[in-house]
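Undergrad: Please find query-v3.cif (mmCIF, C-alpha atoms) on the next line:
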```cif
data_upload
#
loop_
_atom_site.label_atom_id
_atom_site.label_comp_id
_atom_site.auth_asym_id
_atom_site.auth_seq_id
_atom_site.Cartn_x
_atom_site.Cartn_y
_atom_site.Cartn_z
CA MET A 28 -16.91 -52.24 -25.94
CA SER A 29 -19.68 -51.11 -28.32
CA THR A 30 -19.32 -48.00 -30.44
CA ASN A 31 -22.29 -46.35 -28.66
CA LEU A 32 -20.71 -46.98 -25.24
CA LYS A 33 -17.39 -45.53 -26.42
CA VAL A 34 -19.15 -42.40 -27.68
CA THR A 35 -21.09 -42.03 -24.42
CA LEU A 36 -17.96 -42.39 -22.31
CA GLY A 37 -16.16 -39.90 -24.52
CA VAL A 38 -18.92 -37.34 -24.11
CA LEU A 39 -18.95 -37.82 -20.34
CA ALA A 40 -15.16 -37.43 -20.15
CA ALA A 41 -15.29 -34.23 -22.20
CA ALA A 42 -18.07 -32.82 -20.03
CA LEU A 43 -16.11 -33.66 -16.87
CA ALA A 44 -13.01 -31.94 -18.26
CA VAL A 45 -15.01 -28.80 -19.03
CA LEU A 46 -16.55 -28.83 -15.54
CA ILE A 47 -13.11 -29.17 -13.91
CA GLY A 48 -11.84 -26.34 -16.09
CA ILE A 49 -14.68 -24.09 -14.97
CA VAL A 50 -14.02 -24.86 -11.31
CA VAL A 51 -10.29 -24.11 -11.72
CA VAL A 52 -10.96 -20.84 -13.54
CA ASN A 53 -13.47 -19.73 -10.94
CA ARG A 54 -11.10 -20.62 -8.11
CA ASP A 55 -8.20 -18.74 -9.70
CA SER A 56 -10.30 -15.63 -10.33
CA THR A 57 -11.46 -15.39 -6.72
CA PRO A 58 -9.70 -12.50 -4.92
CA THR A 59 -7.18 -13.70 -2.38
CA THR A 60 -7.63 -12.78 1.26
CA VAL A 61 -4.30 -12.53 3.05
CA ALA A 62 -3.25 -13.08 6.64
CA SER A 63 -3.82 -9.97 8.73
CA GLU A 64 -0.64 -10.41 10.75
CA ALA A 65 1.47 -9.80 7.63
CA LEU A 66 -0.78 -7.03 6.38
CA VAL A 67 -0.91 -4.85 9.50
CA ARG A 68 1.85 -5.06 12.10
CA PRO A 69 1.62 -3.56 15.59
CA ASP A 70 4.03 -0.79 14.50
CA SER A 71 2.33 -0.11 11.15
CA HIS A 72 1.45 3.55 10.60
CA ARG A 73 -2.27 4.24 10.93
CA LEU A 74 -3.51 7.55 9.57
CA SER A 75 -6.94 6.83 11.03
CA THR A 76 -8.44 4.11 13.22
CA ALA A 77 -12.03 2.92 12.87
CA THR A 78 -13.93 2.93 16.12
CA ASP A 79 -15.70 -0.31 15.17
CA GLY A 80 -12.69 -1.92 13.46
CA LYS A 81 -14.92 -2.99 10.58
CA THR A 82 -13.02 -1.69 7.55
CA THR A 83 -9.26 -1.51 7.17
CA VAL A 84 -7.56 -0.10 4.08
CA VAL A 85 -3.85 -0.79 3.66
CA GLU A 86 -1.72 0.97 1.07
CA PHE A 87 1.77 -0.17 0.10
CA LEU A 88 3.40 2.91 -1.38
CA ASP A 89 6.57 4.48 -2.68
CA PHE A 90 6.88 8.23 -2.10
CA GLU A 91 8.71 8.64 -5.44
CA CYS A 92 6.12 6.67 -7.42
CA GLU A 93 4.17 8.74 -9.95
CA SER A 94 1.18 6.40 -9.74
CA CYS A 95 1.14 6.82 -5.95
CA LEU A 96 1.15 10.58 -6.47
CA ALA A 97 -1.74 10.25 -8.93
CA ALA A 98 -3.74 8.25 -6.36
CA TYR A 99 -2.82 10.55 -3.47
CA PRO A 100 -5.51 13.29 -3.96
CA GLY A 101 -8.25 10.66 -4.10
CA VAL A 102 -6.87 8.93 -1.03
CA GLU A 103 -6.81 12.20 0.90
CA LYS A 104 -10.37 12.94 -0.19
CA LEU A 105 -11.49 9.52 1.02
CA ARG A 106 -9.69 9.94 4.33
CA ALA A 107 -11.40 13.28 4.87
CA GLU A 108 -14.81 11.82 4.03
CA TYR A 109 -14.61 8.63 6.07
CA GLY A 110 -12.48 9.79 9.01
CA ASP A 111 -12.58 7.25 11.81
CA ARG A 112 -15.14 5.12 9.99
CA ILE A 113 -12.16 3.33 8.43
CA THR A 114 -8.70 2.35 9.56
CA TYR A 115 -6.16 3.61 7.03
CA VAL A 116 -2.72 2.01 7.16
CA VAL A 117 0.39 3.04 5.22
CA ARG A 118 3.19 0.54 4.51
CA TYR A 119 6.53 1.29 2.86
CA PHE A 120 7.35 -0.37 -0.47
CA PRO A 121 10.20 1.65 -2.03
CA ILE A 122 11.05 0.63 -5.58
CA ALA A 123 14.77 0.06 -6.20
CA SER A 124 14.70 1.83 -9.57
CA HIS A 125 13.57 5.08 -7.92
CA PRO A 126 16.77 6.84 -6.82
CA ASN A 127 15.37 8.47 -3.67
CA ALA A 128 12.59 6.09 -2.72
CA PHE A 129 14.53 4.68 0.23
CA ASN A 130 15.72 8.13 1.33
CA ALA A 131 12.12 9.34 1.32
CA ALA A 132 10.91 6.32 3.29
CA HIS A 133 13.73 6.86 5.80
CA ALA A 134 12.68 10.50 6.15
CA ALA A 135 9.07 9.48 6.80
CA GLU A 136 10.09 6.88 9.36
CA ALA A 137 12.49 9.28 11.10
CA ALA A 138 9.66 11.81 11.29
CA ALA A 139 7.36 9.10 12.66
CA ARG A 140 9.75 8.61 15.55
CA GLN A 141 9.00 12.19 16.54
CA GLY A 142 5.25 11.81 16.05
CA LYS A 143 5.15 13.50 12.64
CA PHE A 144 4.62 10.65 10.19
CA GLU A 145 1.43 12.01 8.65
CA GLN A 146 2.92 15.48 8.23
CA MET A 147 5.99 14.09 6.44
CA TYR A 148 3.82 11.70 4.39
CA LYS A 149 1.87 14.69 3.07
CA LYS A 150 4.97 16.82 2.57
CA LEU A 151 6.71 14.18 0.47
CA PHE A 152 3.73 13.75 -1.85
CA ASP A 153 2.92 17.47 -2.03
CA THR A 154 6.50 18.16 -3.19
CA GLN A 155 7.25 15.02 -5.20
CA ASN A 156 7.45 16.94 -8.47
CA ALA A 157 10.27 19.03 -6.99
CA TRP A 158 12.51 16.23 -5.71
CA GLY A 159 11.36 13.06 -7.45
CA HIS A 160 13.37 11.20 -10.10
CA ASN A 161 16.53 13.12 -9.34
CA GLN A 162 19.61 10.92 -9.53
CA GLN A 163 21.32 12.89 -6.79
CA SER A 164 20.49 12.18 -3.16
CA GLN A 165 17.65 14.33 -1.87
CA ALA A 166 18.45 13.64 1.79
CA ALA A 167 19.30 17.31 2.36
CA VAL A 168 15.93 18.30 0.86
CA PHE A 169 14.16 15.96 3.25
CA GLU A 170 16.13 17.45 6.14
CA GLY A 171 14.74 20.81 5.08
CA TYR A 172 11.23 19.39 5.27
CA ALA A 173 11.98 18.02 8.73
CA GLN A 174 13.10 21.44 9.84
CA GLU A 175 9.90 22.99 8.47
CA LEU A 176 7.93 20.45 10.52
CA GLY A 177 9.76 21.53 13.65
CA LEU A 178 11.58 18.25 14.25
CA ASP A 179 14.68 17.92 16.37
CA MET A 180 17.26 17.91 13.58
CA ALA A 181 20.06 16.03 15.33
CA THR A 182 17.64 13.24 16.19
CA PHE A 183 16.07 13.26 12.73
CA LYS A 184 19.44 12.98 10.94
CA ALA A 185 20.59 10.20 13.23
CA ASP A 186 17.34 8.27 12.83
CA ALA A 187 17.21 8.68 9.05
CA ALA A 188 20.71 7.21 8.76
CA SER A 189 20.22 4.48 11.36
CA ALA A 190 20.20 0.74 10.85
CA GLU A 191 16.96 0.54 12.86
CA VAL A 192 15.07 2.79 10.44
CA ASP A 193 16.53 0.96 7.46
CA ALA A 194 15.39 -2.36 8.94
CA ARG A 195 11.91 -0.95 9.63
CA VAL A 196 11.48 0.17 6.03
CA LYS A 197 12.79 -3.12 4.66
CA ALA A 198 10.48 -5.09 6.97
CA ASP A 199 7.46 -3.37 5.41
CA ALA A 200 8.76 -4.13 1.93
CA ALA A 201 9.40 -7.77 2.86
CA ASP A 202 5.81 -8.10 4.10
CA GLY A 203 4.63 -6.62 0.81
CA GLU A 204 6.63 -9.14 -1.19
CA ASP A 205 5.25 -12.00 0.91
CA LEU A 206 1.74 -10.70 0.22
CA GLY A 207 2.35 -10.61 -3.52
CA VAL A 208 2.80 -6.86 -3.92
CA GLN A 209 4.56 -6.23 -7.22
CA GLY A 210 4.20 -2.50 -7.65
CA THR A 211 2.85 0.65 -6.10
CA PRO A 212 0.35 1.72 -5.07
CA THR A 213 -1.14 -1.60 -3.98
CA PHE A 214 -4.26 -1.49 -1.81
CA PHE A 215 -5.88 -4.11 0.40
CA ILE A 216 -9.38 -3.69 1.82
CA ASN A 217 -10.11 -6.00 4.73
CA GLY A 218 -7.34 -8.32 3.62
CA GLU A 219 -8.47 -8.56 0.02
CA GLN A 220 -6.25 -7.04 -2.64
CA TYR A 221 -7.94 -4.29 -4.61
CA THR A 222 -7.12 -5.03 -8.25
CA ASP A 223 -8.98 -2.28 -10.12
CA SER A 224 -7.52 1.12 -10.99
CA PRO A 225 -6.98 3.02 -7.70
CA THR A 226 -9.25 5.92 -8.56
CA TYR A 227 -11.26 7.83 -5.98
CA ALA A 228 -14.52 6.38 -7.34
CA GLY A 229 -13.23 2.82 -7.44
CA LEU A 230 -11.78 2.85 -3.95
CA LYS A 231 -14.89 4.58 -2.58
CA ALA A 232 -17.13 1.89 -4.05
CA ALA A 233 -15.02 -0.85 -2.51
CA ILE A 234 -15.00 0.88 0.89
CA ASP A 235 -18.75 1.43 0.76
CA THR A 236 -19.27 -2.25 0.00
CA SER A 237 -17.11 -3.19 2.97
CA LEU A 238 -18.94 -0.82 5.32
CA ALA A 239 -22.32 -2.13 4.19
CA SER A 240 -21.45 -5.80 4.59
#
```
Just give me the structure as structure tokens.

TA:
Amino acid sequence: MSTNLKVTLGVLAAALAVLIGIVVVNRDSTPTTVASEALVRPDSHRLSTATDGKTTVVEFLDFECESCLAAYPGVEKLRAEYGDRITYVVRYFPIASHPNAFNAAHAAEAAARQGKFEQMYKKLFDTQNAWGHNQQSQAAVFEGYAQELGLDMATFKADAASAEVDARVKADAADGEDLGVQGTPTFFINGEQYTDSPTYAGLKAAIDTSLAS
């Protein structure tokens, strides 16, 4: 093999390697779209439902998460602005290191069984600074919130402590893990994970893009 041929083949091999590298990088950087059946279950909690079904926002959250609390005002502003133009779904993803994350999720699910999920969802975030990151169980505090919301207390206490509610919360978390959720809050917009900072402006831009597509 001549020297010139060796050089030519070497250049071609290098160019091919670079091209393959570019393709791999581009493929890896493409946002992943996940299966809708794992993202939104029939029993998932919807705070709003789009009449045209065009845009669905899913949030995996932990009621004791400070970052979720930081995102909460922007989320509420977006929900007020878009109303039934978007479907907004809440999924539980309690973090084990948060001492009352599971208790809070159980309280929300027990309230949901009496038709008061959204009210408890708001109550838990509005009061997080009062009960969050307390090593002692805040179950009694959450019972107080349930009473304020006018829930049947015997039913609420039984539901909050039940195996069914525990399984429901853990099922959400298991779906989140299967979808690659590693922390909270994690948002998906039409099945695509939102990877930027969950600010009001950022989420609004992503929603607007979805609605315009």

Undergrad: Using all atoms listed in the file, which residues sit within 8 Å of segment 208-212 of chain A once same-chain residues fewer than 2 positions away are excluded, as a list in words?

TA: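 Non-adjacent residues within range: Glu86, Phe87, Leu88, Asp89, Cys92, Ser94, Cys95, Ala98, Phe120, Ile122, Gly203, Glu204, Asp205, Leu206, Phe214 and Pro225 of chain A.
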
Undergrad: Hey, which of A:Asp153, A:Glu145, A:Asp186, A:Asp193 ends up closest to Ala97 of chain A? Count all atoms listed in the file.

TA: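 So, comparing all the options, the nearest one is A:Asp153.
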
Undergrad: May I have the residues within 12 Å of Ala232 of chain A as a PyMOL selection string, using all atoms listed in the file and disregarding those fewer than 6 positions away in the same chain?

TA: chain A and resi 105+216+221+223-226+238-239

Undergrad: From the options A:Arg140, A:His160, A:Lys150, A:Arg195, which residue's atoms come nearest to Phe183 of chain A, counting all atoms listed in the file?

TA: A:Arg140

Undergrad: Between atom CA of Gln141 of chain A and atom CA of Arg73 of chain A, measure the distance and give it in Å to one decimal.

TA: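 Atom CA of Arg73 of chain A lies 14.9 Å from atom CA of Gln141 of chain A.
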
Undergrad: For the file shown, report as number ranges by chain the outcome of the PyMOL selection byres ((chain A and resi 166) around 9) at residue level.

TA: A: 127, 130-131, 134, 164-165, 167-171, 187

Undergrad: Output as AutoDock Vina command-line options the centre and edge lengths (Å, one decimal) of the box along x, y and z of the file that holds every listed atom of segment 148-159 of chain A after adding 6 Å on each side.

TA:
```
--center_x 7.2 --center_y 15.4 --center_z -2.0 --size_x 22.6 --size_y 19.3 --size_z 24.9
```

Undergrad: Give me, please, the distance in Å between atom CA of Thr114 of chain A and atom CA of Gly177 of chain A, quoted to one decimal.

TA: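 Answer for the atom CA of Thr114 of chain A to atom CA of Gly177 of chain A separation: 26.9 Å.
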
Undergrad: Rounded to one decimal place, report the atom CA of Thr82 of chain A-atom CA of Gly110 of chain A distance in Å.

TA: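 Separation of atom CA of Thr82 of chain A and atom CA of Gly110 of chain A: 11.6 Å.
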
Undergrad: Using only C-alpha atoms, find the one residue out of A:Thr76, A:Thr182, A:Thr213, A:Gln162 that sits nearest to His125 of chain A.

TA: A:Gln162

Undergrad: My list of candidates is A:Lys184, A:Lys81, A:Lys231, A:His72. Which is closest to Gly101 of chain A when distances are computed with only C-alpha atoms?

TA: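 Closest candidate: A:Lys231.
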
Undergrad: I would like the residues chosen by the PyMOL selection byres ((chain A and resi 78) around 7) on the shown file; could you give them as a ChimeraX atom specification?

TA: /A:76-77,79-80,111-112

Undergrad: Given the PyMOL selection byres ((chain A and resi 151) around 9) and the file above, list the residues it selects as a PyMOL selection string.

TA: chain A and resi 90-91+131+135+146-150+152-155+158+169+172

Undergrad: Would you output that residue set with C-alpha atoms, as an mmCIF file, keeping the file's coordinate frame?

TA:
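Saved to part_15.cif:
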```
data_model
loop_
_atom_site.group_PDB
_atom_site.id
_atom_site.type_symbol
_atom_site.label_atom_id
_atom_site.label_comp_id
_atom_site.auth_asym_id
_atom_site.auth_seq_id
_atom_site.Cartn_x
_atom_site.Cartn_y
_atom_site.Cartn_z
ATOM 1 C CA PHE A 90 6.880 8.230 -2.100
ATOM 2 C CA GLU A 91 8.710 8.640 -5.440
ATOM 3 C CA ALA A 131 12.120 9.340 1.320
ATOM 4 C CA ALA A 135 9.070 9.480 6.800
ATOM 5 C CA GLN A 146 2.920 15.480 8.230
ATOM 6 C CA MET A 147 5.990 14.090 6.440
ATOM 7 C CA TYR A 148 3.820 11.700 4.390
ATOM 8 C CA LYS A 149 1.870 14.690 3.070
ATOM 9 C CA LYS A 150 4.970 16.820 2.570
ATOM 10 C CA PHE A 152 3.730 13.750 -1.850
ATOM 11 C CA ASP A 153 2.920 17.470 -2.030
ATOM 12 C CA THR A 154 6.500 18.160 -3.190
ATOM 13 C CA GLN A 155 7.250 15.020 -5.200
ATOM 14 C CA TRP A 158 12.510 16.230 -5.710
ATOM 15 C CA PHE A 169 14.160 15.960 3.250
ATOM 16 C CA TYR A 172 11.230 19.390 5.270
#
```

Undergrad: Between A:Phe144, A:Tyr119, A:Tyr227, A:Phe129, which residue has the minimum interatomic distance to Arg106 of chain A, considering all atoms listed in the file?

TA: A:Tyr227
